[in-house]
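> Structure file model.pdb, PDB, C-alpha atoms, is pasted below:
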ATOM      1  CA  MET A   1     119.028  70.204  82.142  1.00  0.00           C
ATOM      2  CA  ALA A   2     117.099  67.359  83.784  1.00  0.00           C
ATOM      3  CA  ASP A   3     116.195  69.697  86.655  1.00  0.00           C
ATOM      4  CA  HIS A   4     114.688  72.203  84.230  1.00  0.00           C
ATOM      5  CA  GLN A   5     112.617  69.534  82.473  1.00  0.00           C
ATOM      6  CA  ALA A   6     111.370  68.153  85.779  1.00  0.00           C
ATOM      7  CA  GLN A   7     110.025  71.575  86.712  1.00  0.00           C
ATOM      8  CA  GLN A   8     108.065  71.913  83.471  1.00  0.00           C
ATOM      9  CA  HIS A   9     105.717  68.994  84.156  1.00  0.00           C
ATOM     10  CA  HIS A  10     102.762  69.944  86.303  1.00  0.00           C
ATOM     11  CA  PRO A  11     100.282  67.411  87.594  1.00  0.00           C
ATOM     12  CA  LEU A  12      96.836  67.539  86.038  1.00  0.00           C
ATOM     13  CA  SER A  13      95.324  67.823  89.500  1.00  0.00           C
ATOM     14  CA  VAL A  14      96.533  71.451  89.673  1.00  0.00           C
ATOM     15  CA  TYR A  15      94.507  72.312  86.590  1.00  0.00           C
ATOM     16  CA  PHE A  16      91.454  70.456  87.870  1.00  0.00           C
ATOM     17  CA  TRP A  17      91.643  72.291  91.217  1.00  0.00           C
ATOM     18  CA  VAL A  18      91.878  75.646  89.467  1.00  0.00           C
ATOM     19  CA  TRP A  19      88.998  74.707  87.177  1.00  0.00           C
ATOM     20  CA  GLY A  20      86.942  73.831  90.262  1.00  0.00           C
ATOM     21  CA  TRP A  21      87.770  77.134  91.944  1.00  0.00           C
ATOM     22  CA  LEU A  22      86.872  79.025  88.778  1.00  0.00           C
ATOM     23  CA  PHE A  23      83.541  77.225  88.737  1.00  0.00           C
ATOM     24  CA  ILE A  24      82.892  78.038  92.422  1.00  0.00           C
ATOM     25  CA  LEU A  25      83.856  81.695  91.948  1.00  0.00           C
ATOM     26  CA  SER A  26      81.579  81.963  88.911  1.00  0.00           C
ATOM     27  CA  ILE A  27      78.683  80.552  90.907  1.00  0.00           C
ATOM     28  CA  ALA A  28      79.446  83.018  93.721  1.00  0.00           C
ATOM     29  CA  SER A  29      79.456  85.869  91.221  1.00  0.00           C
ATOM     30  CA  TYR A  30      76.046  84.843  89.890  1.00  0.00           C
ATOM     31  CA  MET A  31      74.724  84.410  93.425  1.00  0.00           C
ATOM     32  CA  VAL A  32      75.613  88.013  94.207  1.00  0.00           C
ATOM     33  CA  ASP A  33      73.178  89.060  91.492  1.00  0.00           C
ATOM     34  CA  ILE A  34      70.524  86.459  92.321  1.00  0.00           C
ATOM     35  CA  LEU A  35      70.527  87.258  96.052  1.00  0.00           C
ATOM     36  CA  GLY A  36      69.833  90.903  95.272  1.00  0.00           C
ATOM     37  CA  PHE A  37      72.896  92.661  96.615  1.00  0.00           C
ATOM     38  CA  GLU A  38      72.787  96.332  95.689  1.00  0.00           C
ATOM     39  CA  SER A  39      75.058  99.274  94.917  1.00  0.00           C
ATOM     40  CA  TYR A  40      78.731  99.277  95.824  1.00  0.00           C
ATOM     41  CA  LEU A  41      78.616  95.943  97.664  1.00  0.00           C
ATOM     42  CA  LYS A  42      77.285  94.187  94.568  1.00  0.00           C
ATOM     43  CA  TRP A  43      79.861  95.639  92.217  1.00  0.00           C
ATOM     44  CA  SER A  44      82.778  95.287  94.600  1.00  0.00           C
ATOM     45  CA  LEU A  45      81.969  91.591  95.098  1.00  0.00           C
ATOM     46  CA  ILE A  46      81.586  90.977  91.365  1.00  0.00           C
ATOM     47  CA  VAL A  47      84.853  92.795  90.573  1.00  0.00           C
ATOM     48  CA  THR A  48      86.653  90.960  93.382  1.00  0.00           C
ATOM     49  CA  PHE A  49      85.498  87.580  92.065  1.00  0.00           C
ATOM     50  CA  MET A  50      86.466  88.639  88.553  1.00  0.00           C
ATOM     51  CA  LEU A  51      89.970  89.678  89.629  1.00  0.00           C
ATOM     52  CA  VAL A  52      90.509  86.471  91.603  1.00  0.00           C
ATOM     53  CA  LYS A  53      89.423  84.411  88.590  1.00  0.00           C
ATOM     54  CA  ALA A  54      91.705  86.415  86.302  1.00  0.00           C
ATOM     55  CA  GLY A  55      94.569  85.913  88.743  1.00  0.00           C
ATOM     56  CA  LEU A  56      93.998  82.156  88.835  1.00  0.00           C
ATOM     57  CA  ILE A  57      93.873  81.975  85.053  1.00  0.00           C
ATOM     58  CA  MET A  58      97.066  84.003  84.710  1.00  0.00           C
ATOM     59  CA  ALA A  59      98.878  82.101  87.440  1.00  0.00           C
ATOM     60  CA  VAL A  60      98.098  78.570  86.322  1.00  0.00           C
ATOM     61  CA  PHE A  61      96.841  78.445  82.744  1.00  0.00           C
ATOM     62  CA  MET A  62      99.280  81.089  81.516  1.00  0.00           C
ATOM     63  CA  HIS A  63     102.036  79.487  83.668  1.00  0.00           C
ATOM     64  CA  MET A  64     102.884  82.758  85.426  1.00  0.00           C
ATOM     65  CA  VAL A  65     103.314  81.025  88.782  1.00  0.00           C
ATOM     66  CA  TRP A  66     106.222  79.048  87.329  1.00  0.00           C
ATOM     67  CA  GLU A  67     107.904  81.999  85.583  1.00  0.00           C
ATOM     68  CA  ARG A  68     110.721  84.133  86.886  1.00  0.00           C
ATOM     69  CA  LEU A  69     109.851  87.058  89.104  1.00  0.00           C
ATOM     70  CA  SER A  70     111.207  89.585  86.594  1.00  0.00           C
ATOM     71  CA  LEU A  71     108.912  88.327  83.829  1.00  0.00           C
ATOM     72  CA  THR A  72     105.945  88.339  86.169  1.00  0.00           C
ATOM     73  CA  ALA A  73     106.738  91.905  87.237  1.00  0.00           C
ATOM     74  CA  ILE A  74     107.027  93.041  83.632  1.00  0.00           C
ATOM     75  CA  ILE A  75     103.603  91.623  82.800  1.00  0.00           C
ATOM     76  CA  LEU A  76     101.766  92.670  85.969  1.00  0.00           C
ATOM     77  CA  THR A  77     103.241  96.136  86.573  1.00  0.00           C
ATOM     78  CA  PRO A  78     101.566  98.024  83.677  1.00  0.00           C
ATOM     79  CA  PRO A  79      97.999  96.973  84.616  1.00  0.00           C
ATOM     80  CA  ALA A  80      98.715  97.846  88.257  1.00  0.00           C
ATOM     81  CA  VAL A  81      99.946 101.295  87.247  1.00  0.00           C
ATOM     82  CA  LEU A  82      96.839 101.785  85.103  1.00  0.00           C
ATOM     83  CA  LEU A  83      94.582 100.845  88.014  1.00  0.00           C
ATOM     84  CA  VAL A  84      96.318 103.377  90.253  1.00  0.00           C
ATOM     85  CA  ALA A  85      96.002 106.030  87.541  1.00  0.00           C
ATOM     86  CA  VAL A  86      92.283 105.315  87.104  1.00  0.00           C
ATOM     87  CA  ALA A  87      91.772 105.614  90.862  1.00  0.00           C
ATOM     88  CA  ILE A  88      93.591 108.961  90.913  1.00  0.00           C
ATOM     89  CA  PHE A  89      91.573 110.215  87.937  1.00  0.00           C
ATOM     90  CA  ALA A  90      88.320 109.136  89.606  1.00  0.00           C
ATOM     91  CA  LEU A  91      89.214 111.054  92.768  1.00  0.00           C
ATOM     92  CA  GLU A  92      90.174 114.095  90.714  1.00  0.00           C
ATOM     93  CA  SER A  93      86.950 113.965  88.723  1.00  0.00           C
ATOM     94  CA  ASP A  94      84.904 113.895  91.936  1.00  0.00           C
ATOM     95  CA  HIS A  95      86.790 116.940  93.185  1.00  0.00           C
ATOM     96  CA  ILE A  96      86.264 118.802  89.903  1.00  0.00           C
ATOM     97  CA  ALA A  97      82.561 117.925  89.816  1.00  0.00           C
ATOM     98  CA  SER A  98      82.011 119.122  93.379  1.00  0.00           C
ATOM     99  CA  SER A  99      83.957 122.331  92.795  1.00  0.00           C
ATOM    100  CA  ARG A 100      81.903 123.059  89.635  1.00  0.00           C
ATOM    101  CA  ILE A 101      78.655 122.469  91.515  1.00  0.00           C
ATOM    102  CA  GLN A 102      79.834 124.746  94.284  1.00  0.00           C
ATOM    103  CA  TYR A 103      80.971 127.452  91.850  1.00  0.00           C
ATOM    104  CA  PHE A 104      77.927 127.437  89.577  1.00  0.00           C
ATOM    105  CA  LEU A 105      75.212 126.953  92.182  1.00  0.00           C
ATOM    106  CA  MET A 106      76.589 129.091  94.973  1.00  0.00           C
ATOM    107  CA  GLY A 107      78.806 131.502  93.176  1.00  0.00           C
TER     108      GLY A 107
END
Kindly transcribe the structure held in the file into structure tokens.


Amino acid sequence: MADHQAQQHHPLSVYFWVWGWLFILSIASYMVDILGFESYLKWSLIVTFMLVKAGLIMAVFMHMVWERLSLTAIILTPPAVLLVAVAIFALESDHIASSRIQYFLMG
């Protein structure tokens, strides 16, 4: 029991480090917009920073890094499946749009 209680206490420095990284990543996200990045580069950088910040928040502030692997998998698997499904749907929609353009304009 003492082992379990010893694992539940996390030093405050961990939270301060994560807070600092969140601050740095937020500044980087704003700098992407201020520096005038355009198109896919801009949005991929912003989404990447957003996902890293969300991962840090989930890992430390929601204590996911200290949870069992099974609980982490249960929480993280559904969003991962949804992201894969959205990617598949986006590819399919591009194919359908191009086939409609080809059929209606050339057919």

> Would you kindly return, as a list of chain:residue names, each protein, DNA or RNA residue with an atom no farther than 8 Å from any atom of Phe61 in chain A, considering all atoms listed in the file and excluding same-chain residues fewer than 4 positions away?

A:Tyr15, A:Leu56, A:Ile57

> What would the file look like if the residues just selected were written as a tab-separated table (two decimals), in the frame of the given file with C-alpha atoms?


chain	number	residue	atom	x	y	z
A	15	TYR	CA	94.51	72.31	86.59
A	56	LEU	CA	94.00	82.16	88.84
A	57	ILE	CA	93.87	81.98	85.05

> Rounded to one decimal in Å, what is the spacing between CA of Ala54 in chain A and CA of Leu25 in chain A?

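CA of Leu25 in chain A lies 10.8 Å from CA of Ala54 in chain A.
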
> When the PyMOL selection byres ((chain A and resi 22) around 10) is applied to the file above, which residues end up in the set, as a compact mmCIF listing (two decimals) with C-alpha atoms, keeping the file's coordinate frame?


# COMPACT_ATOMS: atom_id res chain seq x y z
CA PHE A 16 91.45 70.46 87.87
CA TRP A 17 91.64 72.29 91.22
CA VAL A 18 91.88 75.65 89.47
CA TRP A 19 89.00 74.71 87.18
CA GLY A 20 86.94 73.83 90.26
CA TRP A 21 87.77 77.13 91.94
CA PHE A 23 83.54 77.22 88.74
CA ILE A 24 82.89 78.04 92.42
CA LEU A 25 83.86 81.69 91.95
CA SER A 26 81.58 81.96 88.91
CA ILE A 27 78.68 80.55 90.91
CA ALA A 28 79.45 83.02 93.72
CA PHE A 49 85.50 87.58 92.06
CA MET A 50 86.47 88.64 88.55
CA VAL A 52 90.51 86.47 91.60
CA LYS A 53 89.42 84.41 88.59
CA ALA A 54 91.70 86.42 86.30
CA LEU A 56 94.00 82.16 88.84
CA ILE A 57 93.87 81.98 85.05

> I need the residue set behind the PyMOL selection byres ((chain A and resi 45) around 12) for this file; please write it as an MDAnalysis selection string.

chainID A and resid 25:26 28:33 37:44 46:52

> Using the chain letters and numbers from the file, which residues does the PyMOL selection byres ((chain A and resi 65-78) around 12) grab, as a list in words?

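Selected by the PyMOL selection byres ((chain A and resi 65-78) around 12) here: His4, Gln7, Gln8, His9, His10, Val14, Ala54, Gly55, Leu56, Ile57, Met58, Ala59, Val60, Phe61, Met62, His63, Met64, Pro79, Ala80, Val81, Leu82, Leu83, Val84 and Ala85 of chain A.
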
> So the first atom is CA of Ile88 in chain A and the second is CA of Tyr103 in chain A; what is the distance between them in Å, to one decimal place?

22.4 Å

> Rounded to one decimal, what separation in Å do you get between CA of Ala87 in chain A and CA of Leu105 in chain A?

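So the answer is 27.0 Å.
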
> What would range 66-77 of chain A look like with all heavy atoms restored, written as an mmCIF file, in the frame of the given file?


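This went into selection02.cif:
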data_model
loop_
_atom_site.group_PDB
_atom_site.id
_atom_site.type_symbol
_atom_site.label_atom_id
_atom_site.label_comp_id
_atom_site.auth_asym_id
_atom_site.auth_seq_id
_atom_site.Cartn_x
_atom_site.Cartn_y
_atom_site.Cartn_z
ATOM 1 N N TRP A 66 104.968 79.767 87.514
ATOM 2 C CA TRP A 66 106.222 79.048 87.329
ATOM 3 C C TRP A 66 107.268 79.878 86.591
ATOM 4 O O TRP A 66 108.344 79.396 86.298
ATOM 5 C CB TRP A 66 105.971 77.742 86.566
ATOM 6 C CG TRP A 66 105.096 76.815 87.347
ATOM 7 C CD1 TRP A 66 105.443 76.121 88.474
ATOM 8 C CD2 TRP A 66 103.744 76.485 87.081
ATOM 9 N NE1 TRP A 66 104.381 75.385 88.920
ATOM 10 C CE2 TRP A 66 103.327 75.583 88.083
ATOM 11 C CE3 TRP A 66 102.831 76.858 86.097
ATOM 12 C CZ2 TRP A 66 102.047 75.057 88.127
ATOM 13 C CZ3 TRP A 66 101.556 76.331 86.140
ATOM 14 C CH2 TRP A 66 101.171 75.441 87.148
ATOM 15 N N GLU A 67 106.956 81.129 86.287
ATOM 16 C CA GLU A 67 107.904 81.999 85.583
ATOM 17 C C GLU A 67 108.812 82.711 86.579
ATOM 18 O O GLU A 67 108.553 82.743 87.776
ATOM 19 C CB GLU A 67 107.152 83.041 84.744
ATOM 20 C CG GLU A 67 106.396 82.450 83.584
ATOM 21 C CD GLU A 67 107.291 81.854 82.511
ATOM 22 O OE1 GLU A 67 108.472 82.256 82.419
ATOM 23 O OE2 GLU A 67 106.808 80.976 81.792
ATOM 24 N N ARG A 68 109.819 83.338 86.048
ATOM 25 C CA ARG A 68 110.721 84.133 86.886
ATOM 26 C C ARG A 68 110.003 85.375 87.380
ATOM 27 O O ARG A 68 109.078 85.880 86.744
ATOM 28 C CB ARG A 68 111.942 84.558 86.081
ATOM 29 C CG ARG A 68 112.832 83.420 85.728
ATOM 30 C CD ARG A 68 114.074 83.926 85.063
ATOM 31 N NE ARG A 68 114.964 82.801 84.827
ATOM 32 C CZ ARG A 68 115.986 82.840 84.033
ATOM 33 N NH1 ARG A 68 116.273 83.953 83.397
ATOM 34 N NH2 ARG A 68 116.734 81.784 83.870
ATOM 35 N N LEU A 69 110.462 85.884 88.506
ATOM 36 C CA LEU A 69 109.851 87.058 89.104
ATOM 37 C C LEU A 69 109.946 88.270 88.186
ATOM 38 O O LEU A 69 109.009 89.070 88.100
ATOM 39 C CB LEU A 69 110.505 87.358 90.455
ATOM 40 C CG LEU A 69 109.943 88.541 91.225
ATOM 41 C CD1 LEU A 69 108.473 88.314 91.536
ATOM 42 C CD2 LEU A 69 110.728 88.762 92.493
ATOM 43 N N SER A 70 111.051 88.419 87.470
ATOM 44 C CA SER A 70 111.207 89.585 86.594
ATOM 45 C C SER A 70 110.175 89.570 85.469
ATOM 46 O O SER A 70 109.592 90.605 85.135
ATOM 47 C CB SER A 70 112.621 89.622 86.017
ATOM 48 O OG SER A 70 112.876 88.445 85.269
ATOM 49 N N LEU A 71 109.904 88.406 84.892
ATOM 50 C CA LEU A 71 108.912 88.327 83.829
ATOM 51 C C LEU A 71 107.512 88.611 84.368
ATOM 52 O O LEU A 71 106.723 89.318 83.747
ATOM 53 C CB LEU A 71 108.955 86.944 83.167
ATOM 54 C CG LEU A 71 107.997 86.728 82.001
ATOM 55 C CD1 LEU A 71 108.332 87.679 80.863
ATOM 56 C CD2 LEU A 71 108.065 85.297 81.529
ATOM 57 N N THR A 72 107.233 88.083 85.540
ATOM 58 C CA THR A 72 105.945 88.339 86.169
ATOM 59 C C THR A 72 105.773 89.829 86.450
ATOM 60 O O THR A 72 104.702 90.393 86.207
ATOM 61 C CB THR A 72 105.827 87.532 87.474
ATOM 62 O OG1 THR A 72 106.026 86.152 87.180
ATOM 63 C CG2 THR A 72 104.470 87.715 88.106
ATOM 64 N N ALA A 73 106.812 90.474 86.939
ATOM 65 C CA ALA A 73 106.738 91.905 87.237
ATOM 66 C C ALA A 73 106.531 92.725 85.968
ATOM 67 O O ALA A 73 105.778 93.700 85.966
ATOM 68 C CB ALA A 73 107.997 92.362 87.962
ATOM 69 N N ILE A 74 107.176 92.315 84.893
ATOM 70 C CA ILE A 74 107.027 93.041 83.632
ATOM 71 C C ILE A 74 105.597 92.949 83.116
ATOM 72 O O ILE A 74 105.047 93.905 82.579
ATOM 73 C CB ILE A 74 108.023 92.505 82.582
ATOM 74 C CG1 ILE A 74 109.429 92.955 82.932
ATOM 75 C CG2 ILE A 74 107.663 92.950 81.182
ATOM 76 C CD1 ILE A 74 110.511 92.311 82.095
ATOM 77 N N ILE A 75 104.963 91.809 83.312
ATOM 78 C CA ILE A 75 103.603 91.623 82.800
ATOM 79 C C ILE A 75 102.571 92.249 83.724
ATOM 80 O O ILE A 75 101.570 92.802 83.268
ATOM 81 C CB ILE A 75 103.333 90.125 82.590
ATOM 82 C CG1 ILE A 75 104.202 89.630 81.439
ATOM 83 C CG2 ILE A 75 101.870 89.852 82.310
ATOM 84 C CD1 ILE A 75 104.172 88.152 81.220
ATOM 85 N N LEU A 76 102.777 92.199 85.027
ATOM 86 C CA LEU A 76 101.766 92.670 85.969
ATOM 87 C C LEU A 76 101.895 94.144 86.343
ATOM 88 O O LEU A 76 100.927 94.745 86.791
ATOM 89 C CB LEU A 76 101.815 91.822 87.243
ATOM 90 C CG LEU A 76 101.435 90.355 87.070
ATOM 91 C CD1 LEU A 76 101.524 89.640 88.398
ATOM 92 C CD2 LEU A 76 100.049 90.215 86.476
ATOM 93 N N THR A 77 103.054 94.743 86.173
ATOM 94 C CA THR A 77 103.241 96.136 86.573
ATOM 95 C C THR A 77 102.403 97.125 85.752
ATOM 96 O O THR A 77 101.759 97.997 86.345
ATOM 97 C CB THR A 77 104.730 96.513 86.533
ATOM 98 O OG1 THR A 77 105.446 95.637 87.409
ATOM 99 C CG2 THR A 77 104.954 97.943 86.956
#
